[in-house]
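Quick notes on the structure that follows.
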Amino acid sequence: MHRLLLIDDDEHLAPPLAAYLRRFDFDLQSALRPSDGLALLAAGGFDAVILDVMLPEMDGFEVCRRIRQSPAPFHDIPVLMLTARGELSDRVVGLELGADDYLPKPFEPRELAARLQTILRRARPMAAAAPVDAAVLQFDGLRIDTARREVQRQGQPVELTGTEFELLLMLAREPQRVFSRDQILNHLRGRDADLYTRAVDLLVSRLRRKLEPLDCIKTLRNAGYALALGRGPA
């Protein structure tokens with residue numbers, strides 16, 4: 001059973017949502033205030049966070065920023081943000097700060113469960129997902145350990161969110177192949193994408209910054225993105 005933390009100041013939301021999510025083997029705990037939520041996260045044991053944007057003390061964007069800037073063990077925990085009215089600006093800011101997904105309010109609990117299942121699969125894949133001989137992808141200046149989900153840039157570790165890692169892995173499995181934005185969205189969301197292509201641009205931009213000074217993701221105008229690195233020594 002996956003343990004989830006809901007940070008939302010609506011005291012009426014958590015009880016019925018927790019009862020519903022138990023059908024999908026989710027154990028939901030909640031915090032009404034960001035400070036309480038961050039304290040619970042620091043204690044460990046959670047697999048994902050559901051984070052509202054509109055909160056007392058600080059907004060959800062600041063909470064997401066603190067999560068991503070925190071030390072282990074929870075800096076890379078999957079974060080799903082609940083955005084007011086699904087406004088584009090909220091979604092853009094959330095993705096830029098490292099959120100793994102978002103869901104506009106009001107939402108259907110079944111869709112929330114599906115999105116949580118998707119981001120948790122990306123964060124913690126099944127052990128048999130990759131054969132041993134393909135466990136490490138080696139390029140000039142870039143090493144991707146698919147089994148441990150670790151990335152090294154010029155010998156230095158790079159901290160990636162689950163979504164960032166999956167994007168890099170998708171490109172790295174077929175270097176030089178151009179993937180369209182729709183193909184990337186469909187892959188990352190695990191279903192037909194009803195999202196906007198700007199989300200992919202933001203993810204690529206964030207990933208590029210983390211991989212600097214490597215210039216490894218090329219953009220083909222009106223086509224998509226590709227990994228532009230040569231194979232390195234095994």
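Following the order of the structure tokens, first chain is A, next is B, and so on, with residues numbered from 1 inside each chain and ligands from 1 in the order they appear.
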- Task: Just list the residues in stretch 137-207 of chain A DSSP gives strand (DSSP E or B) on the backbone, as an MDAnalysis selection string.
- Result: chainID A and resid 137:139 142:145 150:153 156:158 179
- Compile the contact shell of A:Leu82 as a VMD selection string: residues with an atom at most 12 Å away, counting only C-alpha atoms, same-chain residues fewer than 4 positions apart removed. chain A and resid 6 to 9 49 to 55 59 to 61 64 86 to 87 90 to 91 94 to 95 99 to 108 112 115
- DSSP on the backbone: what in stretch 3-176 of chain A comes out alpha helix (DSSP H), as a VMD selection string? chain A and resid 14 to 21 34 to 43 60 to 69 88 to 96 109 to 123 162 to 173
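Those residues that approach stretch 153-164 of chain A to within 9 Å, counting only C-alpha atoms, are A:Arg68, A:His75, A:Asp76, A:Ile77, A:Pro78, A:Gly98, A:Ala99, A:Asp100, A:Asp101, A:Ile119, A:Leu120, A:Arg122, A:Ala123, A:Arg124, A:Asp140, A:Gly141, A:Leu142, A:Arg143, A:Ile144, A:Leu188, A:Leu203, A:Val204, A:Arg206, A:Leu207, A:Lys210, A:Leu211, A:Glu212, A:Pro213, A:Leu214; same-chain residues fewer than 6 positions away are not listed.
When only C-alpha atoms are used to measure the gap to A:His187, the shortest distance among A:Arg209, A:Ala84, A:Thr118, A:Phe139 belongs to A:Thr118.
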- Task: Extract, using only C-alpha atoms, all DNA, RNA and protein residues at most 9 Å from A:Pro175, discarding same-chain residues fewer than 2 positions from it, and format them as a PyMOL selection string.
- Result: chain A and resi 170-173+177-178+226-231
Next, the residues of the selection above should be written as a PDB file, in the first residue's frame with C-alpha atoms.
```pdb
ATOM      1  CA  MET A 170      12.796   7.969 -23.351  1.00  0.00           C
ATOM      2  CA  LEU A 171      15.211  10.054 -25.426  1.00  0.00           C
ATOM      3  CA  ALA A 172      18.270   8.013 -24.431  1.00  0.00           C
ATOM      4  CA  ARG A 173      16.816   4.649 -25.378  1.00  0.00           C
ATOM      5  CA  ARG A 177      15.365   9.792 -32.908  1.00  0.00           C
ATOM      6  CA  VAL A 178      13.058  12.804 -32.901  1.00  0.00           C
ATOM      7  CA  ALA A 226      16.058  14.210 -29.664  1.00  0.00           C
ATOM      8  CA  LEU A 227      19.102  13.165 -27.650  1.00  0.00           C
ATOM      9  CA  ALA A 228      22.162  14.379 -29.574  1.00  0.00           C
ATOM     10  CA  LEU A 229      24.989  12.533 -27.818  1.00  0.00           C
ATOM     11  CA  GLY A 230      27.256   9.822 -29.160  1.00  0.00           C
ATOM     12  CA  ARG A 231      27.676   6.531 -27.369  1.00  0.00           C
TER      13      ARG A 231
END
```
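Interatomic distance, atom CA of A:Asp10 against atom CA of A:Ser35: 15.3 Å.
Counting from atom CA of A:Lys218, the distance to atom CA of A:Gln69 is 27.5 Å.
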- Query: If we count only C-alpha atoms, what is near A:Asp25 at a cut-off of 8 Å, once residues fewer than 3 positions away on the same chain are taken out, given as a ChimeraX atom specification?
  - Reply: /A:1-2,21-22
Would you write out those residues with all heavy atoms, as an mmCIF file, in the first residue's frame?
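So result15.cif came out as:
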```
data_model
loop_
_atom_site.group_PDB
_atom_site.id
_atom_site.type_symbol
_atom_site.label_atom_id
_atom_site.label_comp_id
_atom_site.auth_asym_id
_atom_site.auth_seq_id
_atom_site.Cartn_x
_atom_site.Cartn_y
_atom_site.Cartn_z
ATOM 1 N N MET A 1 0.843 -1.198 0.000
ATOM 2 C CA MET A 1 0.000 0.000 0.000
ATOM 3 C C MET A 1 0.875 1.243 0.000
ATOM 4 O O MET A 1 1.781 1.377 0.815
ATOM 5 C CB MET A 1 -0.934 0.005 1.210
ATOM 6 C CG MET A 1 -1.834 1.229 1.276
ATOM 7 S SD MET A 1 -3.110 1.143 2.553
ATOM 8 C CE MET A 1 -4.261 0.002 1.814
ATOM 9 N N HIS A 2 0.627 2.158 -0.936
ATOM 10 C CA HIS A 2 1.378 3.403 -1.012
ATOM 11 C C HIS A 2 0.818 4.419 -0.027
ATOM 12 O O HIS A 2 -0.411 4.581 0.091
ATOM 13 C CB HIS A 2 1.303 3.989 -2.427
ATOM 14 C CG HIS A 2 2.033 3.192 -3.451
ATOM 15 N ND1 HIS A 2 3.404 3.117 -3.497
ATOM 16 C CD2 HIS A 2 1.599 2.427 -4.480
ATOM 17 C CE1 HIS A 2 3.785 2.353 -4.499
ATOM 18 N NE2 HIS A 2 2.708 1.925 -5.112
ATOM 19 N N LEU A 21 -9.676 6.334 -2.021
ATOM 20 C CA LEU A 21 -8.355 5.897 -2.492
ATOM 21 C C LEU A 21 -7.930 4.566 -1.897
ATOM 22 O O LEU A 21 -7.043 3.895 -2.440
ATOM 23 C CB LEU A 21 -7.314 6.978 -2.186
ATOM 24 C CG LEU A 21 -7.433 8.260 -3.016
ATOM 25 C CD1 LEU A 21 -6.407 9.288 -2.556
ATOM 26 C CD2 LEU A 21 -7.261 7.974 -4.508
ATOM 27 N N ARG A 22 -8.554 4.157 -0.793
ATOM 28 C CA ARG A 22 -8.231 2.848 -0.226
ATOM 29 C C ARG A 22 -8.569 1.719 -1.202
ATOM 30 O O ARG A 22 -7.969 0.642 -1.153
ATOM 31 C CB ARG A 22 -8.967 2.639 1.104
ATOM 32 C CG ARG A 22 -8.216 3.216 2.298
ATOM 33 C CD ARG A 22 -8.742 2.670 3.608
ATOM 34 N NE ARG A 22 -10.093 3.141 3.897
ATOM 35 C CZ ARG A 22 -10.379 4.276 4.545
ATOM 36 N NH1 ARG A 22 -9.389 5.041 4.988
ATOM 37 N NH2 ARG A 22 -11.622 4.623 4.780
#
```
- Message: Counting only C-alpha atoms, which residue out of A:Val92, A:Met58, A:Leu185, A:Leu41 sits closest to A:Pro71?
- Response: A:Leu41
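Using only C-alpha atoms, the nearest neighbour of A:Ser30 within the list A:Ala113, A:Ala14, A:Val63, A:Leu169 is A:Ala14.
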- Message: Taking 4 positions as the minimum chain separation for residues in the same chain, which residues sit within 12 Å of A:Arg221 when counting only C-alpha atoms? Answer as a list in words.
- Response: Val178, Phe179, Ser180, Arg181, Asp201, Tyr225 and Ala226 of chain A
Keeping only C-alpha atoms, take the residues you just selected and write them out as a short mmCIF file (atom, residue, chain, number, x, y, z; two decimals), in the first residue's frame.
```cif
data_model
loop_
_atom_site.label_atom_id
_atom_site.label_comp_id
_atom_site.auth_asym_id
_atom_site.auth_seq_id
_atom_site.Cartn_x
_atom_site.Cartn_y
_atom_site.Cartn_z
CA VAL A 178 13.06 12.80 -32.90
CA PHE A 179 10.08 12.50 -30.55
CA SER A 180 7.14 14.84 -31.04
CA ARG A 181 5.64 16.68 -28.09
CA ASP A 201 8.86 22.53 -23.44
CA TYR A 225 13.22 16.72 -29.42
CA ALA A 226 16.06 14.21 -29.66
#
```
